[in-house]
Every structure is written in structure tokens, then in C-alpha cells.
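Data block for start.cif (mmCIF, C-alpha atoms; chains and numbers go by the auth columns):
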```
data_data
#
loop_
_atom_site.group_PDB
_atom_site.id
_atom_site.type_symbol
_atom_site.label_atom_id
_atom_site.label_comp_id
_atom_site.label_asym_id
_atom_site.label_seq_id
_atom_site.Cartn_x
_atom_site.Cartn_y
_atom_site.Cartn_z
_atom_site.B_iso_or_equiv
_atom_site.auth_seq_id
_atom_site.auth_asym_id
ATOM 1 C CA MET A 1 23.587 2.208 24.333 0.00 14 H
ATOM 2 C CA LYS A 2 22.446 1.657 27.859 0.00 15 H
ATOM 3 C CA ASN A 3 23.627 4.741 29.692 0.00 16 H
ATOM 4 C CA LYS A 4 25.118 8.200 29.269 0.00 17 H
ATOM 5 C CA GLU A 5 28.689 6.926 29.162 0.00 18 H
ATOM 6 C CA ASP A 6 27.933 4.661 26.202 0.00 19 H
ATOM 7 C CA ILE A 7 26.254 7.532 24.374 0.00 20 H
ATOM 8 C CA GLN A 8 29.222 9.791 25.069 0.00 21 H
ATOM 9 C CA GLN A 9 31.645 7.153 23.747 0.00 22 H
ATOM 10 C CA VAL A 10 29.688 6.771 20.519 0.00 23 H
ATOM 11 C CA LEU A 11 29.447 10.540 20.088 0.00 24 H
ATOM 12 C CA ALA A 12 33.184 10.899 20.710 0.00 25 H
ATOM 13 C CA TYR A 13 33.889 8.232 18.095 0.00 26 H
ATOM 14 C CA PHE A 14 31.740 9.956 15.463 0.00 27 H
ATOM 15 C CA ARG A 15 33.275 13.328 16.251 0.00 28 H
ATOM 16 C CA SER A 16 36.794 11.904 15.931 0.00 29 H
ATOM 17 C CA THR A 17 36.113 10.183 12.610 0.00 30 H
ATOM 18 C CA SER A 18 34.236 13.071 11.012 0.00 31 H
ATOM 19 C CA ALA A 19 36.119 15.625 8.928 0.00 32 H
ATOM 20 C CA LYS A 20 33.511 18.313 9.611 0.00 33 H
ATOM 21 C CA PRO A 21 32.250 19.358 13.033 0.00 34 H
ATOM 22 C CA LEU A 22 29.061 17.575 14.069 0.00 35 H
ATOM 23 C CA ASN A 23 26.124 19.415 15.599 0.00 36 H
ATOM 24 C CA ILE A 24 24.289 16.938 17.801 0.00 37 H
ATOM 25 C CA ASP A 25 21.515 17.789 20.236 0.00 38 H
ATOM 26 C CA GLU A 26 22.818 15.695 23.117 0.00 39 H
ATOM 27 C CA ASP A 27 19.891 16.471 25.409 0.00 40 H
ATOM 28 C CA ALA A 28 17.399 15.177 22.849 0.00 41 H
ATOM 29 C CA LEU A 29 19.563 12.110 22.241 0.00 42 H
ATOM 30 C CA HIS A 30 19.740 11.321 25.965 0.00 43 H
ATOM 31 C CA ALA A 31 15.986 11.868 26.285 0.00 44 H
ATOM 32 C CA ALA A 32 15.261 9.530 23.370 0.00 45 H
ATOM 33 C CA TYR A 33 17.330 6.721 24.868 0.00 46 H
ATOM 34 C CA SER A 34 16.040 7.219 28.398 0.00 47 H
ATOM 35 C CA ILE A 35 12.428 6.608 27.321 0.00 48 H
ATOM 36 C CA ASP A 36 13.109 2.889 26.872 0.00 49 H
ATOM 37 C CA ASP A 37 14.135 2.267 30.507 0.00 50 H
ATOM 38 C CA ASP A 38 10.937 0.354 31.388 0.00 51 H
ATOM 39 C CA LYS A 39 11.858 -2.980 29.795 0.00 52 H
ATOM 40 C CA GLN A 40 10.144 -6.201 30.797 0.00 53 H
ATOM 41 C CA SER A 41 11.371 -9.715 30.252 0.00 54 H
ATOM 42 C CA LEU A 42 9.710 -11.988 27.716 0.00 55 H
ATOM 43 C CA ALA A 43 8.461 -14.290 30.475 0.00 56 H
ATOM 44 C CA THR A 44 6.703 -11.361 32.150 0.00 57 H
ATOM 45 C CA LYS A 45 5.004 -10.440 28.880 0.00 58 H
ATOM 46 C CA ILE A 46 3.903 -14.026 28.236 0.00 59 H
ATOM 47 C CA LEU A 47 2.518 -14.381 31.739 0.00 60 H
ATOM 48 C CA ALA A 48 0.739 -11.047 31.388 0.00 61 H
ATOM 49 C CA ALA A 49 -0.895 -12.186 28.145 0.00 62 H
ATOM 50 C CA PHE A 50 -1.898 -15.496 29.748 0.00 63 H
ATOM 51 C CA GLY A 51 -3.310 -13.613 32.723 0.00 64 H
ATOM 52 C CA ALA A 52 -5.253 -11.359 30.365 0.00 65 H
ATOM 53 C CA VAL A 53 -6.913 -14.371 28.754 0.00 66 H
ATOM 54 C CA LEU A 54 -7.800 -15.894 32.126 0.00 67 H
ATOM 55 C CA GLY A 55 -9.108 -12.534 33.312 0.00 68 H
ATOM 56 C CA CYS A 56 -11.295 -12.376 30.211 0.00 69 H
ATOM 57 C CA PHE A 57 -12.932 -15.674 31.032 0.00 70 H
ATOM 58 C CA ALA A 58 -13.652 -14.546 34.581 0.00 71 H
ATOM 59 C CA PHE A 59 -15.138 -11.234 33.443 0.00 72 H
ATOM 60 C CA ILE A 60 -17.263 -12.882 30.749 0.00 73 H
ATOM 61 C CA ALA A 61 -18.567 -15.333 33.351 0.00 74 H
ATOM 62 C CA PHE A 62 -19.454 -12.371 35.573 0.00 75 H
ATOM 63 C CA LEU A 63 -21.289 -10.641 32.719 0.00 76 H
ATOM 64 C CA LEU A 64 -23.243 -13.787 31.937 0.00 77 H
ATOM 65 C CA ILE A 65 -24.141 -14.299 35.603 0.00 78 H
ATOM 66 C CA ALA A 66 -25.227 -10.650 35.832 0.00 79 H
ATOM 67 C CA GLY A 67 -27.623 -11.224 32.923 0.00 80 H
ATOM 68 C CA LEU A 68 -26.099 -8.992 30.263 0.00 81 H
ATOM 69 C CA TYR A 69 -26.730 -11.714 27.682 0.00 82 H
ATOM 70 C CA GLU A 70 -30.466 -10.922 27.763 0.00 83 H
ATOM 71 C CA SER A 71 -29.922 -7.698 25.783 0.00 84 H
ATOM 72 C CA GLN A 72 -28.601 -8.378 22.306 0.00 85 H
ATOM 73 C CA ILE A 73 -28.158 -4.681 21.520 0.00 86 H
ATOM 74 C CA GLY A 74 -26.371 -4.207 24.859 0.00 87 H
ATOM 75 C CA LEU A 75 -23.956 -6.988 23.976 0.00 88 H
ATOM 76 C CA LEU A 76 -23.137 -5.450 20.594 0.00 89 H
ATOM 77 C CA ILE A 77 -22.737 -1.911 21.957 0.00 90 H
ATOM 78 C CA PHE A 78 -20.688 -2.961 24.984 0.00 91 H
ATOM 79 C CA GLY A 79 -18.515 -5.235 22.814 0.00 92 H
ATOM 80 C CA SER A 80 -17.901 -2.447 20.300 0.00 93 H
ATOM 81 C CA LEU A 81 -17.013 -0.006 23.081 0.00 94 H
ATOM 82 C CA LEU A 82 -14.579 -2.501 24.596 0.00 95 H
ATOM 83 C CA ILE A 83 -12.845 -3.054 21.255 0.00 96 H
ATOM 84 C CA ALA A 84 -12.611 0.696 20.661 0.00 97 H
ATOM 85 C CA GLY A 85 -11.214 1.139 24.183 0.00 98 H
ATOM 86 C CA ALA A 86 -8.680 -1.631 23.613 0.00 99 H
ATOM 87 C CA LEU A 87 -7.460 0.009 20.418 0.00 100 H
ATOM 88 C CA THR A 88 -7.204 3.370 22.151 0.00 101 H
ATOM 89 C CA LEU A 89 -5.251 1.872 25.063 0.00 102 H
ATOM 90 C CA ASP A 90 -2.899 -0.013 22.788 0.00 103 H
ATOM 91 C CA ASN A 91 -2.102 3.010 20.632 0.00 104 H
ATOM 92 C CA GLY A 92 -1.771 5.435 23.519 0.00 105 H
ATOM 93 C CA PHE A 93 0.478 3.760 26.069 0.00 106 H
ATOM 94 C CA ARG A 94 3.518 1.453 26.214 0.00 107 H
ATOM 95 C CA LYS A 95 3.136 -0.308 29.576 0.00 108 H
ATOM 96 C CA ILE A 96 2.745 -4.054 30.077 0.00 109 H
ATOM 97 C CA VAL A 97 -0.189 -3.576 32.460 0.00 110 H
ATOM 98 C CA LEU A 98 -2.063 -1.509 29.885 0.00 111 H
ATOM 99 C CA ASP A 99 -1.192 -4.047 27.170 0.00 112 H
ATOM 100 C CA THR A 100 -2.774 -6.703 29.360 0.00 113 H
ATOM 101 C CA LEU A 101 -5.839 -4.543 29.889 0.00 114 H
ATOM 102 C CA SER A 102 -6.164 -3.849 26.159 0.00 115 H
ATOM 103 C CA ILE A 103 -5.881 -7.565 25.329 0.00 116 H
ATOM 104 C CA SER A 104 -8.558 -8.358 27.884 0.00 117 H
ATOM 105 C CA ALA A 105 -10.890 -5.652 26.596 0.00 118 H
ATOM 106 C CA TYR A 106 -10.329 -6.753 22.996 0.00 119 H
ATOM 107 C CA ILE A 107 -11.083 -10.418 23.647 0.00 120 H
ATOM 108 C CA ILE A 108 -14.096 -9.618 25.826 0.00 121 H
ATOM 109 C CA GLY A 109 -15.378 -7.230 23.155 0.00 122 H
ATOM 110 C CA LEU A 110 -15.105 -9.879 20.453 0.00 123 H
ATOM 111 C CA VAL A 111 -16.821 -12.490 22.611 0.00 124 H
ATOM 112 C CA LEU A 112 -19.657 -10.083 23.415 0.00 125 H
ATOM 113 C CA ILE A 113 -20.113 -9.178 19.739 0.00 126 H
ATOM 114 C CA ILE A 114 -20.180 -12.862 18.767 0.00 127 H
ATOM 115 C CA THR A 115 -22.679 -13.604 21.538 0.00 128 H
ATOM 116 C CA GLY A 116 -24.865 -10.681 20.494 0.00 129 H
ATOM 117 C CA LEU A 117 -24.809 -11.738 16.860 0.00 130 H
ATOM 118 C CA SER A 118 -25.654 -15.324 17.757 0.00 131 H
ATOM 119 C CA GLU A 119 -28.708 -14.035 19.644 0.00 132 H
ATOM 120 C CA PHE A 120 -29.771 -12.335 16.388 0.00 133 H
ATOM 121 C CA ARG A 121 -29.398 -15.727 14.658 0.00 134 H
ATOM 122 C CA VAL A 122 -26.525 -14.670 12.389 0.00 135 H
ATOM 123 C CA ASP A 123 -24.854 -17.596 10.622 0.00 136 H
ATOM 124 C CA GLU A 124 -21.524 -18.762 12.030 0.00 137 H
ATOM 125 C CA PRO A 125 -19.551 -18.243 8.792 0.00 138 H
ATOM 126 C CA ASN A 126 -20.742 -14.630 8.672 0.00 139 H
ATOM 127 C CA MET A 127 -19.614 -14.173 12.283 0.00 140 H
ATOM 128 C CA ALA A 128 -16.224 -15.622 11.355 0.00 141 H
ATOM 129 C CA TRP A 129 -15.926 -13.167 8.462 0.00 142 H
ATOM 130 C CA LEU A 130 -16.864 -10.297 10.782 0.00 143 H
ATOM 131 C CA CYS A 131 -14.318 -11.379 13.404 0.00 144 H
ATOM 132 C CA MET A 132 -11.688 -11.683 10.683 0.00 145 H
ATOM 133 C CA ALA A 133 -12.536 -8.185 9.446 0.00 146 H
ATOM 134 C CA ILE A 134 -12.340 -6.743 12.972 0.00 147 H
ATOM 135 C CA ALA A 135 -9.010 -8.486 13.540 0.00 148 H
ATOM 136 C CA PHE A 136 -7.645 -7.267 10.199 0.00 149 H
ATOM 137 C CA VAL A 137 -8.654 -3.663 10.922 0.00 150 H
ATOM 138 C CA THR A 138 -7.089 -4.030 14.361 0.00 151 H
ATOM 139 C CA LEU A 139 -3.902 -5.349 12.792 0.00 152 H
ATOM 140 C CA CYS A 140 -3.748 -2.317 10.521 0.00 153 H
ATOM 141 C CA ILE A 141 -4.389 0.170 13.356 0.00 154 H
ATOM 142 C CA VAL A 142 -2.362 -1.017 16.342 0.00 155 H
ATOM 143 C CA ARG A 143 1.298 -0.254 16.935 0.00 156 H
ATOM 144 C CA GLY A 144 1.903 -2.707 19.774 0.00 157 H
ATOM 145 C CA TYR A 145 2.829 -6.273 19.056 0.00 158 H
ATOM 146 C CA MET A 146 0.710 -7.942 21.764 0.00 159 H
ATOM 147 C CA LEU A 147 -2.663 -6.972 20.292 0.00 160 H
ATOM 148 C CA ALA A 148 -1.299 -7.559 16.789 0.00 161 H
ATOM 149 C CA PHE A 149 -0.336 -11.089 17.855 0.00 162 H
ATOM 150 C CA PHE A 150 -3.859 -11.802 19.099 0.00 163 H
ATOM 151 C CA SER A 151 -5.310 -10.312 15.895 0.00 164 H
ATOM 152 C CA VAL A 152 -3.178 -12.651 13.784 0.00 165 H
ATOM 153 C CA LEU A 153 -4.321 -15.596 15.917 0.00 166 H
ATOM 154 C CA ILE A 154 -7.953 -14.586 15.401 0.00 167 H
ATOM 155 C CA ILE A 155 -7.496 -14.241 11.638 0.00 168 H
ATOM 156 C CA CYS A 156 -5.814 -17.660 11.404 0.00 169 H
ATOM 157 C CA GLY A 157 -8.492 -19.249 13.587 0.00 170 H
ATOM 158 C CA CYS A 158 -11.286 -17.747 11.485 0.00 171 H
ATOM 159 C CA ILE A 159 -9.730 -19.011 8.256 0.00 172 H
ATOM 160 C CA LEU A 160 -9.371 -22.472 9.776 0.00 173 H
ATOM 161 C CA TYR A 161 -12.996 -22.369 10.974 0.00 174 H
ATOM 162 C CA LEU A 162 -14.226 -21.357 7.503 0.00 175 H
ATOM 163 C CA LEU A 163 -12.313 -24.254 5.922 0.00 176 H
ATOM 164 C CA ILE A 164 -13.739 -26.736 8.403 0.00 177 H
ATOM 165 C CA ASP A 165 -17.265 -25.316 8.144 0.00 178 H
ATOM 166 C CA ALA A 166 -17.161 -25.625 4.340 0.00 179 H
ATOM 167 C CA LYS A 167 -15.949 -29.232 4.756 0.00 180 H
ATOM 168 C CA GLN A 168 -12.832 -28.463 2.722 0.00 181 H
ATOM 169 C CA TYR A 169 -10.544 -30.598 4.839 0.00 182 H
ATOM 170 C CA ASP A 170 -7.971 -31.064 2.088 0.00 183 H
ATOM 171 C CA PHE A 171 -7.287 -27.332 1.982 0.00 184 H
ATOM 172 C CA ILE A 172 -6.220 -27.350 5.636 0.00 185 H
ATOM 173 C CA HIS A 173 -2.900 -28.857 4.549 0.00 186 H
ATOM 174 C CA LEU A 174 -2.385 -26.078 2.001 0.00 187 H
ATOM 175 C CA TYR A 175 -3.350 -23.549 4.661 0.00 188 H
ATOM 176 C CA VAL A 176 -0.718 -24.891 7.053 0.00 189 H
ATOM 177 C CA ILE A 177 1.870 -24.883 4.265 0.00 190 H
ATOM 178 C CA GLY A 178 0.965 -21.292 3.432 0.00 191 H
ATOM 179 C CA LEU A 179 1.305 -20.248 7.076 0.00 192 H
ATOM 180 C CA ALA A 180 4.672 -21.977 7.332 0.00 193 H
ATOM 181 C CA PHE A 181 5.832 -20.227 4.158 0.00 194 H
ATOM 182 C CA LEU A 182 4.680 -16.832 5.447 0.00 195 H
ATOM 183 C CA MET A 183 6.366 -17.344 8.802 0.00 196 H
ATOM 184 C CA THR A 184 9.579 -18.455 7.177 0.00 197 H
ATOM 185 C CA TYR A 185 10.005 -15.937 4.402 0.00 198 H
ATOM 186 C CA LEU A 186 8.218 -12.805 5.612 0.00 199 H
#
```
Rendering of file as C-alpha cells:
Amino acid sequence: MKNKEDIQQVLAYFRSTSAKPLNIDEDALHAAYSIDDDKQSLATKILAAFGAVLGCFAFIAFLLIAGLYESQIGLLIFGSLLIAGALTLDNGFRKIVLDTLSISAYIIGLVLIITGLSEFRVDEPNMAWLCMAIAFVTLCIVRGYMLAFFSVLIICGCILYLLIDAKQYDFIHLYVIGLAFLMTYL
């Protein structure tokens, strides 16, 4: 149902087929269908996500040039604030520009947390578990599919890293089979 005429045709059909009179709040129905007018093409969304990743690299380079990496606590706090801001943006608004901004903030936040933890000499497998936990919590919280997509990528990458770090190369094949099964049947 793209416009008012389509909605009116559907309402007229239901009224003609119903034995009892229907009480429909037409204003609320029109308002509900008019909210979705800001549609973007898939190519625009893909390019926006790609631009978000490139923007992340540029901003991280700026932060490293500015010397933020010298404060481990600053990296952890700023990274946590960026992730919290990304989750707030993703749950609050439905615009492609804000999705791009939330993706950028999320990736930058994760990179800053990883950098801060590496300055504290935390082992890499523990950092992978932490990133996987952050991504899983993000996956449970967010409503938008762009940040959920990046969270799934982070979880899959962390699992792959843990398999490689443990030198369990044979399990990579089972991991790929499991991912293919999940993508096919879920």
C-alpha cells in the first residue's frame, strides 16, 4: 500500500466482504503507512556502510596522531562512550545518515577499547572474548539491521580468531559448515 488510494481500496474490499460493520481508524492507518516514506535503495545503504568504515579509519588515524593512545584509561572511557552513543543512536532513529554515524561510532569504540586493553597488556584471546561479548549484547539490544550485521561479523570474526589462536585449524571447517547451516535454515 503505497498511497491513500491503495489504502482506500483495501478498506473498501474489507468493508464489502465483512458481514458486520468495521470500525477502522483511518487517520491512524494513514499515519502508520506514511511513516515509511523515507526509503533508501540497497546500494545507498551499502555505500553508506562502506563510507562508515572508511570514515572510522580516518577518525582513528586522527586520534592516534593527536596522541590519545597515550592514555589507556582515556581510550577505554572514550571507546565505551562511543559504543553507548552508537547504541543510543541506533535505537532512537531510523535514518541512513544516523545508521552510518552509529556504525562509525561503534567500530571506533571497539577499536579504542581493544587498543586500551592492549596497552594494559591483556591477552588477545581475552580481548576477543570481550569483543564477542560486546557484540552479542549489541545484537540483543539493537533494533536496526545495520549495526546487527556488524555485530554478527564481529562475533564470527572473534570465533575464527579464537580457533586460529588455539591452533585448532581442523575446527575451522566445522565452523564454516555451522555458519552455512545457520544461514540456510534459520
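Each of H:Cys171, H:Val150, H:Val189, H:Cys69 was checked against Ser115 in chain H using only C-alpha atoms; the smallest atom-to-atom distance is that of H:Cys69.
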**Request:** Apply the PyMOL selection byres ((chain H and resi 101-113) around 9) to the structure shown and report the selected residues as a ChimeraX atom specification.
**Result:** /H:51,53,57-58,61-66,96-100,114-118,154-157,159-160
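CA of Tyr82 in chain H sits 20.1 Å away from CA of Asn139 in chain H.
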**Request:** Could you tell me how far CA of Phe75 in chain H lies from CA of Ala148 in chain H, in Å and to one decimal?
**Result:**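 Going from CA of Phe75 in chain H over to CA of Ala148 in chain H, I get 24.7 Å.
Picture a line from CA of Ile127 in chain H to CA of Leu88 in chain H; it runs 8.7 Å.
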**Message:** I want to know what sits within 8 Å of range 16-22 of chain H, based on all atoms listed in the file, with residues of the same chain fewer than 3 positions away left out; could you give that as a PyMOL selection string?
**Reply:** chain H and resi 25-26+43
**Request:** For the structure provided, state which residues fall under the PyMOL selection byres ((chain H and resi 84) around 12), and present them as a PyMOL selection string.
**Result:** chain H and resi 76-77+79-83+85-91+125-126+128-133
